[in-house]
Each structure stands twice: as C-alpha cells, then as structure tokens.
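S.K.: Got a structure for you, run.cif, holding mmCIF, C-alpha atoms.
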```
data_model
#
loop_
_atom_site.label_atom_id
_atom_site.label_comp_id
_atom_site.auth_asym_id
_atom_site.auth_seq_id
_atom_site.Cartn_x
_atom_site.Cartn_y
_atom_site.Cartn_z
CA MET Z 44 -16.75 -10.58 -122.06
CA ILE Z 45 -19.74 -12.15 -120.35
CA GLU Z 46 -18.59 -15.53 -121.68
CA THR Z 47 -15.26 -15.09 -119.93
CA PHE Z 48 -17.04 -14.17 -116.71
CA PHE Z 49 -19.23 -17.28 -116.81
CA PHE Z 50 -16.29 -19.43 -117.79
CA LEU Z 51 -14.31 -18.23 -114.79
CA LEU Z 52 -17.32 -18.75 -112.53
CA PHE Z 53 -17.90 -22.32 -113.72
CA ALA Z 54 -14.19 -23.14 -113.71
CA VAL Z 55 -13.83 -22.01 -110.10
CA MET Z 56 -16.97 -23.96 -109.16
CA ALA Z 57 -15.63 -27.11 -110.81
CA ALA Z 58 -12.17 -26.77 -109.28
CA VAL Z 59 -13.49 -26.03 -105.78
CA GLY Z 60 -16.01 -28.88 -106.04
CA ALA Z 61 -13.31 -31.33 -107.10
CA VAL Z 62 -10.90 -30.33 -104.34
CA MET Z 63 -13.61 -30.36 -101.68
CA MET Z 64 -14.75 -33.76 -102.91
CA ILE Z 65 -11.44 -35.41 -102.12
CA GLY Z 66 -11.11 -33.37 -98.93
CA SER Z 67 -14.42 -33.85 -97.16
CA ARG Z 68 -14.88 -36.66 -94.68
CA ASN Z 69 -18.56 -37.41 -95.09
CA PRO Z 70 -19.22 -39.44 -98.28
CA VAL Z 71 -22.55 -37.68 -98.84
CA ALA Z 72 -20.89 -34.24 -98.67
CA SER Z 73 -18.22 -35.54 -101.00
CA LEU Z 74 -20.86 -36.63 -103.47
CA MET Z 75 -22.63 -33.27 -103.30
CA TYR Z 76 -19.38 -31.48 -104.13
CA LEU Z 77 -18.99 -33.81 -107.10
CA VAL Z 78 -22.52 -32.87 -108.21
CA LEU Z 79 -21.49 -29.20 -107.99
CA ALA Z 80 -18.41 -29.89 -110.12
CA PHE Z 81 -20.46 -31.76 -112.73
CA PHE Z 82 -23.06 -28.98 -112.92
CA ALA Z 83 -20.27 -26.48 -113.48
CA LEU Z 84 -18.81 -28.73 -116.19
CA SER Z 85 -22.16 -28.80 -117.92
CA GLY Z 86 -22.15 -24.99 -117.89
CA ILE Z 87 -18.72 -25.05 -119.52
CA PHE Z 88 -20.09 -27.45 -122.15
CA VAL Z 89 -22.74 -24.83 -122.96
CA LEU Z 90 -20.05 -22.17 -123.31
CA LEU Z 91 -18.21 -24.49 -125.71
CA ASP Z 92 -21.32 -24.92 -127.93
CA ALA Z 93 -21.95 -28.52 -126.84
CA HIS Z 94 -25.57 -27.95 -125.84
CA PHE Z 95 -26.68 -31.55 -126.25
CA LEU Z 96 -23.83 -32.87 -124.15
CA ALA Z 97 -24.57 -30.27 -121.47
CA ALA Z 98 -28.11 -31.63 -121.20
CA VAL Z 99 -26.88 -35.23 -121.20
CA GLN Z 100 -24.33 -34.33 -118.53
CA VAL Z 101 -27.05 -33.09 -116.20
CA ILE Z 102 -29.59 -35.81 -117.00
CA VAL Z 103 -27.36 -38.89 -117.22
CA TYR Z 104 -24.33 -38.06 -115.09
CA THR Z 105 -25.76 -35.93 -112.35
CA GLY Z 106 -29.29 -37.30 -112.48
CA ALA Z 107 -28.59 -40.99 -112.85
CA ILE Z 108 -25.02 -42.02 -112.10
CA LEU Z 109 -24.46 -39.80 -109.08
CA VAL Z 110 -27.89 -40.65 -107.69
CA LEU Z 111 -26.84 -44.30 -108.02
CA PHE Z 112 -23.79 -43.49 -105.91
CA LEU Z 113 -26.03 -41.75 -103.40
CA PHE Z 114 -28.31 -44.82 -103.24
CA VAL Z 115 -25.33 -47.06 -102.54
CA ILE Z 116 -24.01 -44.75 -99.80
CA MET Z 117 -27.49 -44.74 -98.29
CA LEU Z 118 -27.86 -48.52 -98.66
CA LEU Z 119 -24.54 -49.19 -96.94
CA ASN Z 120 -25.33 -46.57 -94.28
CA LEU Z 121 -22.03 -44.72 -94.70
CA GLY Z 122 -23.37 -41.20 -94.38
CA HIS Z 123 -22.47 -40.61 -90.74
CA ARG Z 124 -19.25 -42.55 -90.48
CA GLU Z 125 -16.93 -40.35 -88.46
CA GLU Z 126 -13.87 -42.51 -88.98
CA VAL Z 127 -11.38 -40.76 -91.27
CA ASP Z 128 -10.56 -42.65 -94.43
CA VAL Z 129 -7.93 -40.22 -95.72
CA ARG Z 130 -4.52 -41.86 -95.77
CA GLY Z 131 -1.54 -40.68 -93.73
CA LEU Z 132 1.01 -37.97 -94.39
CA ALA Z 133 3.27 -40.05 -96.66
CA ALA Z 134 0.42 -41.00 -98.98
CA ARG Z 135 -0.79 -37.39 -98.99
CA LEU Z 136 2.65 -36.18 -100.05
CA VAL Z 137 2.83 -38.85 -102.74
CA ALA Z 138 -0.62 -37.84 -103.97
CA LEU Z 139 0.30 -34.16 -103.96
CA VAL Z 140 3.49 -34.74 -105.92
CA ALA Z 141 1.80 -37.14 -108.33
CA GLY Z 142 -1.12 -34.77 -108.81
CA ALA Z 143 1.10 -31.74 -109.39
CA GLY Z 144 3.30 -33.66 -111.77
CA LEU Z 145 0.30 -35.01 -113.65
CA PHE Z 146 -1.21 -31.53 -113.85
CA ALA Z 147 2.01 -30.04 -115.19
CA PHE Z 148 2.51 -32.87 -117.67
CA VAL Z 149 -1.05 -33.15 -118.97
CA GLY Z 150 -1.52 -29.40 -118.90
CA ALA Z 151 1.62 -28.75 -120.92
CA LEU Z 152 0.79 -31.56 -123.33
CA VAL Z 153 -2.81 -30.55 -123.87
CA THR Z 154 -2.41 -26.80 -124.03
CA ARG Z 155 0.68 -26.92 -126.20
CA GLY Z 156 -0.79 -29.41 -128.62
CA GLY Z 157 -4.16 -27.74 -128.23
CA ARG Z 158 -3.00 -24.26 -129.09
CA ALA Z 159 -1.77 -25.49 -132.44
CA THR Z 160 -5.05 -27.33 -133.03
CA ILE Z 161 -7.61 -24.81 -131.86
CA ALA Z 162 -5.85 -21.92 -133.59
CA GLY Z 163 -7.31 -22.84 -136.98
CA ASP Z 164 -10.46 -20.92 -137.81
CA ALA Z 165 -11.57 -23.12 -140.70
CA GLY Z 166 -12.69 -26.00 -138.48
CA ARG Z 167 -14.59 -23.72 -136.14
CA GLN Z 168 -16.46 -22.08 -139.00
CA MET Z 169 -17.39 -25.54 -140.24
CA VAL Z 170 -18.71 -26.45 -136.79
CA GLU Z 171 -20.71 -23.25 -136.52
CA ALA Z 172 -22.24 -23.87 -139.94
CA LEU Z 173 -23.08 -27.41 -138.83
CA LEU Z 174 -24.77 -26.12 -135.66
CA ALA Z 175 -26.73 -23.55 -137.66
CA SER Z 176 -27.94 -26.07 -140.21
CA ARG Z 177 -28.63 -29.15 -138.07
CA GLY Z 178 -29.09 -27.82 -134.56
CA ALA Z 179 -27.33 -29.01 -131.43
CA VAL Z 180 -28.91 -32.48 -131.36
CA GLY Z 181 -28.72 -33.20 -135.09
CA ALA Z 182 -25.04 -32.35 -135.24
CA VAL Z 183 -24.29 -35.13 -132.74
CA ALA Z 184 -26.97 -37.54 -133.94
CA GLU Z 185 -25.92 -37.53 -137.59
CA PRO Z 186 -22.45 -39.08 -137.09
CA LEU Z 187 -23.77 -41.22 -134.23
CA PHE Z 188 -26.36 -42.95 -136.41
CA THR Z 189 -24.33 -43.14 -139.61
CA SER Z 190 -20.60 -43.77 -139.23
CA TYR Z 191 -20.78 -44.79 -135.55
CA LEU Z 192 -23.86 -47.00 -135.76
CA VAL Z 193 -22.04 -50.25 -134.94
CA PRO Z 194 -20.28 -48.85 -131.83
CA PHE Z 195 -23.65 -47.44 -130.78
CA GLU Z 196 -25.27 -50.87 -130.95
CA VAL Z 197 -22.30 -52.45 -129.18
CA THR Z 198 -22.76 -49.87 -126.42
CA SER Z 199 -26.34 -51.01 -125.95
CA LEU Z 200 -25.04 -54.57 -125.61
CA LEU Z 201 -22.49 -53.35 -123.05
CA LEU Z 202 -25.22 -51.70 -121.01
CA LEU Z 203 -27.27 -54.91 -121.10
CA VAL Z 204 -24.28 -56.91 -119.87
CA ALA Z 205 -23.69 -54.31 -117.14
CA ILE Z 206 -27.32 -54.54 -115.97
CA VAL Z 207 -27.22 -58.33 -115.81
CA GLY Z 208 -23.80 -58.30 -114.18
CA ALA Z 209 -24.86 -55.78 -111.54
CA ILE Z 210 -27.93 -57.83 -110.66
CA VAL Z 211 -25.94 -61.06 -110.45
CA LEU Z 212 -23.21 -59.47 -108.33
CA ALA Z 213 -25.43 -57.63 -105.89
CA ARG Z 214 -28.01 -60.41 -105.50
CA ARG Z 215 -28.32 -61.93 -102.07
CA ARG Z 216 -27.19 -65.53 -102.18
CA ALA Z 217 -29.81 -68.09 -101.19
CA PRO Z 218 -28.86 -69.62 -97.85
CA MET E 292 -11.84 -14.45 -126.72
CA ASN E 293 -12.72 -17.94 -127.89
CA LEU E 294 -9.12 -19.01 -127.63
CA ASP E 295 -9.13 -17.91 -123.98
CA ILE E 296 -12.08 -20.08 -123.04
CA GLU E 297 -10.72 -23.06 -124.92
CA THR E 298 -7.24 -22.85 -123.47
CA GLY E 299 -8.73 -22.30 -120.02
CA SER E 300 -10.93 -25.37 -120.45
CA LEU E 301 -7.91 -27.46 -121.37
CA ALA E 302 -6.09 -26.26 -118.26
CA LEU E 303 -9.20 -26.94 -116.15
CA SER E 304 -9.49 -30.45 -117.52
CA ALA E 305 -5.83 -31.13 -116.69
CA PHE E 306 -6.47 -29.83 -113.17
CA LEU E 307 -9.57 -31.98 -112.69
CA PHE E 308 -7.73 -35.05 -113.96
CA ALA E 309 -4.87 -34.42 -111.53
CA VAL E 310 -7.28 -33.90 -108.63
CA GLY E 311 -9.08 -37.14 -109.51
CA ALA E 312 -5.81 -39.06 -109.63
CA ALA E 313 -4.67 -37.58 -106.31
CA GLY E 314 -8.06 -38.49 -104.82
CA VAL E 315 -7.69 -42.12 -105.87
CA LEU E 316 -4.29 -42.15 -104.17
CA VAL E 317 -5.30 -40.41 -100.97
CA ARG E 318 -8.70 -41.89 -100.07
CA ARG E 319 -9.41 -45.39 -98.83
CA ASN E 320 -13.17 -45.42 -99.19
CA ALA E 321 -13.94 -47.47 -102.31
CA ILE E 322 -16.99 -45.38 -103.21
CA ILE E 323 -15.05 -42.12 -103.09
CA MET E 324 -12.31 -43.69 -105.22
CA PHE E 325 -15.03 -44.51 -107.78
CA MET E 326 -16.21 -40.91 -107.65
CA CYS E 327 -12.66 -39.75 -108.35
CA VAL E 328 -12.54 -42.04 -111.38
CA GLU E 329 -15.77 -40.44 -112.61
CA LEU E 330 -14.13 -37.04 -112.19
CA MET E 331 -11.18 -38.15 -114.30
CA LEU E 332 -13.54 -39.42 -117.02
CA ASN E 333 -15.27 -36.04 -117.01
CA ALA E 334 -11.97 -34.21 -117.35
CA VAL E 335 -11.28 -36.26 -120.47
CA ASN E 336 -14.77 -35.44 -121.73
CA LEU E 337 -14.04 -31.74 -121.34
CA THR E 338 -10.88 -32.10 -123.42
CA LEU E 339 -12.82 -33.92 -126.12
CA VAL E 340 -15.50 -31.20 -126.17
CA VAL E 341 -12.85 -28.51 -126.56
CA PHE E 342 -11.27 -30.30 -129.50
CA SER E 343 -14.65 -31.04 -131.06
CA ARG E 344 -14.95 -27.35 -131.92
CA SER E 345 -11.98 -27.41 -134.24
CA LEU E 346 -11.74 -31.05 -135.28
CA GLY E 347 -15.38 -31.94 -135.89
CA PHE E 348 -18.36 -33.24 -133.96
CA GLU E 349 -17.22 -36.86 -133.96
CA ALA E 350 -15.45 -36.02 -130.70
CA GLN E 351 -18.83 -35.38 -129.09
CA VAL E 352 -19.97 -38.82 -130.21
CA LEU E 353 -16.94 -40.14 -128.37
CA VAL E 354 -18.01 -38.20 -125.26
CA PHE E 355 -21.39 -39.90 -125.57
CA PHE E 356 -19.73 -43.32 -125.59
CA VAL E 357 -17.56 -42.38 -122.62
CA MET E 358 -20.69 -41.50 -120.66
CA ALA E 359 -22.34 -44.82 -121.54
CA VAL E 360 -19.24 -46.78 -120.53
CA ALA E 361 -19.01 -44.75 -117.30
CA ALA E 362 -22.60 -45.66 -116.49
CA ALA E 363 -21.89 -49.36 -117.05
CA GLU E 364 -18.70 -49.14 -115.00
CA ALA E 365 -20.47 -47.38 -112.12
CA ALA E 366 -23.27 -49.97 -112.05
CA VAL E 367 -20.93 -52.98 -112.01
CA GLY E 368 -18.45 -51.34 -109.64
CA LEU E 369 -21.11 -50.38 -107.12
CA ALA E 370 -22.55 -53.89 -107.31
CA ILE E 371 -19.10 -55.27 -106.48
CA ILE E 372 -18.82 -52.84 -103.57
CA ILE E 373 -22.20 -53.97 -102.25
CA ALA E 374 -21.20 -57.63 -102.57
CA ILE E 375 -17.92 -56.97 -100.71
CA PHE E 376 -19.72 -54.94 -98.05
CA ARG E 377 -22.07 -57.85 -97.40
CA HIS E 378 -19.07 -60.03 -96.71
CA TYR E 379 -16.72 -57.71 -94.79
CA GLU E 380 -19.09 -54.99 -93.49
CA LEU E 381 -16.68 -52.27 -94.66
CA VAL E 382 -15.64 -50.38 -97.80
CA ASP E 383 -12.03 -49.67 -96.85
CA VAL E 384 -9.83 -50.85 -99.73
CA ASP E 385 -6.83 -51.44 -97.45
CA ARG E 386 -8.64 -54.15 -95.60
CA PHE E 387 -9.89 -56.18 -98.56
CA ASN E 388 -7.57 -59.10 -99.05
CA LEU E 389 -9.68 -61.61 -100.93
CA LEU E 390 -7.36 -61.57 -103.96
CA ARG E 391 -4.17 -61.41 -101.90
CA TRP E 392 -2.36 -64.59 -100.94
#
```
Written as structure tokens, how would this file's structure read?

M.R.:
Amino acid sequence: MIETFFFLLFAVMAAVGAVMMIGSRNPVASLMYLVLAFFALSGIFVLLDAHFLAAVQVIVYTGAILVLFLFVIMLLNLGHREEVDVRGLAARLVALVAGAGLFAFVGALVTRGGRATIAGDAGRQMVEALLASRGAVGAVAEPLFTSYLVPFEVTSLLLLVAIVGAIVLARRRAP
Amino acid sequence: MNLDIETGSLALSAFLFAVGAAGVLVRRNAIIMFMCVELMLNAVNLTLVVFSRSLGFEAQVLVFFVMAVAAAEAAVGLAIIIAIFRHYELVDVDRFNLLRW
C-alpha cells in the first residue's frame, strides 16, 4: 500500500515537473523543474528494484548532465531573458495533438504489450533471487563486464570522442 | 500490487515521452529543446527498467549505455550551442540559417 502511495507521489512529481518544464519561460526555472522530474524518476527506479540505476540517475543525470546545462545557461547569460520563446498558437495546437497522439499510441503499445510481458511471475522471481544473491550493484555489473564488455569499452571511446569534440567545438578561435 | 506500479510506470513513461516531444515542437530555445530530448531519453529508460524486472537485468545495462550516450550527446550539443551563440548571439533555432540555402 505504501508503495502505491509513493509511486503516485513520484509519478505526480515527474508529470508536473515535465509539464512545467516546457511551460515555464525562464530557462533556469525550466531546468529546475527537469531536476524535480528526474529526482522523482529516480524514486520510481527505487520502487522498481533498480537501486543502482536510481543512484546513477541522481549522480550522473541530475548531478552532472543537468549541472552542465545550468553552466551553459549561466555562461550564455540566458537566465533573465524575458522574451518568450514559446511558439504561436498553431504550433501549440500541433504540439498538443502530436503529444496526445503519441501518448495514446505509445501508451497503448507499451501497456498492452507490457501487460502480457510483466504478467509472468517466473522472470520476477528470477530477478528477486538475483538481487538477493548478488546485490543491486552486482546484478548490473555481472552482465556489464561479461557479455557487454565490448559495448562498455566502445562507450568509453565514445565519451573520449565527445570530450575532444566538445573542446574543439567550444574553443575560441585564434584571431 | 506490483502489476499496478509497473503498468503505472509504463503509462508515466509514455506521458513523459509525449511531453518531451511536444516540448521539442513548442519551444524555440535550443537549450530547452535539448532538455526535452533528455526527458524523452529518461522516459525510455523508465520503460527499460520496468521490463528489466520480468525480462532480466540486461535491460538495466542498456539503461546504463543510454545514460552514457546521453552524457556524450549533451556535451557535444551544448558545445555546438555555445559555438553558435558566439556567432549569432542568440539560441533561437528559428533564426539559425547557416545550413539553409
């Protein structure tokens, strides 16, 4: 029962944060609503037994990526721009229709396919046994460092390329 | 009880994805469009976490990769925004026309 209460709490926080993010004029306020939504998502990860990912969500997403966004907003001095950057009525209607259609489509697809998938108890018992035997970190680390070792190393290469690319792109050209 | 939370999470992830897509359509500030893309990536992550409970923990490894790719994408994208801002002094995507002829 208490799980349902916290799920509803976090779901409402995430939904409100997301809607306020696209609605608020100030980019800094927008970013703070996104932080709220991501914190709520990390709470939902905890409710879904993904403890390691909940920690990574707070540390990497909220702590690093969103702070990077905040640095860029600060660097470009956009925080007090009063000029509205929301598009006009036609684009809002298009966005509303597209968003509602996407929600209906993806929601129907995912919940219908998902109900068939998550109904099975065998897989869940296997996951609970895995969590009990390896712990939250070991259960993710074991496949990551065995069957997904090559993608893991390629990801490190990707991050290196991204670092070099970001420096090259944002560097001030010599006059 | 568990089924409720999982189905609700799937519905929430669909909602967040739709809100992110609508945000990309409705805003003109390039940084906020990037933030909407991050929201869509997180909605997908939530779906993967829900399915990882019944289909195995490999889905959470995939979430891990999505986060790494999102970090790389944010770094390069923000660097591009800074480079464009140096040139045009604005971040409004309607007024960038350097690839338009």

S.K.: Using all atoms listed in the file, which residue out of E:Val367, E:Leu353, E:Ala334, E:Leu339 lies closest to chain Z?

M.R.: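 Between E:Val367, E:Leu353, E:Ala334, E:Leu339, the residue approaching chain Z most closely is E:Val367.
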
S.K.: On this structure, which residues satisfy the PyMOL selection byres ((chain Z) within 6 of (chain E)), written as a PDB file with C-alpha atoms, keeping the file's coordinate frame?

M.R.:
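Output file part08.pdb is given in full below:
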```
ATOM      1  CA  ILE Z  65     -11.440 -35.410-102.120  1.00  0.00           C
ATOM      2  CA  ASP Z 128     -10.560 -42.650 -94.430  1.00  0.00           C
ATOM      3  CA  VAL Z 129      -7.930 -40.220 -95.720  1.00  0.00           C
ATOM      4  CA  ARG Z 130      -4.520 -41.860 -95.770  1.00  0.00           C
ATOM      5  CA  ARG Z 135      -0.790 -37.390 -98.990  1.00  0.00           C
ATOM      6  CA  ALA Z 138      -0.620 -37.840-103.970  1.00  0.00           C
ATOM      7  CA  GLY Z 142      -1.120 -34.770-108.810  1.00  0.00           C
ATOM      8  CA  LEU Z 145       0.300 -35.010-113.650  1.00  0.00           C
ATOM      9  CA  PHE Z 146      -1.210 -31.530-113.850  1.00  0.00           C
ATOM     10  CA  VAL Z 149      -1.050 -33.150-118.970  1.00  0.00           C
ATOM     11  CA  GLY Z 150      -1.520 -29.400-118.900  1.00  0.00           C
ATOM     12  CA  ILE Z 161      -7.610 -24.810-131.860  1.00  0.00           C
ATOM     13  CA  GLY Z 166     -12.690 -26.000-138.480  1.00  0.00           C
ATOM     14  CA  ARG Z 167     -14.590 -23.720-136.140  1.00  0.00           C
ATOM     15  CA  LEU Z 202     -25.220 -51.700-121.010  1.00  0.00           C
ATOM     16  CA  ALA Z 205     -23.690 -54.310-117.140  1.00  0.00           C
ATOM     17  CA  ALA Z 209     -24.860 -55.780-111.540  1.00  0.00           C
ATOM     18  CA  LEU Z 212     -23.210 -59.470-108.330  1.00  0.00           C
ATOM     19  CA  ALA Z 213     -25.430 -57.630-105.890  1.00  0.00           C
TER      20      ALA Z 213
END
```

S.K.: Exactly which residues make up the result of the PyMOL selection byres ((chain Z and resi 105) around 12) on this file, given as a VMD selection string?

M.R.: (chain Z and resid 74 to 85 97 to 104 106 to 113) or (chain E and resid 326 329 to 330 333 358 362)

S.K.: Interatomic distance between CA of Phe88 in chain Z and CA of Ala54 in chain Z?

M.R.: 11.2 Å

S.K.: Quick one: of Z:Leu91, Z:Ile116, Z:Ala61, Z:Val170, who's nearest to Val183 in chain Z, counting all atoms listed in the file?

M.R.: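 With all atoms listed in the file as the atom set, the closest residue is Z:Val170.
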
S.K.: For the atom pair CA of Leu201 in chain Z and CA of Glu185 in chain Z, what is the interatomic distance in Å to one decimal place?

M.R.: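 According to the coordinates, CA of Leu201 in chain Z and CA of Glu185 in chain Z are separated by 21.8 Å.
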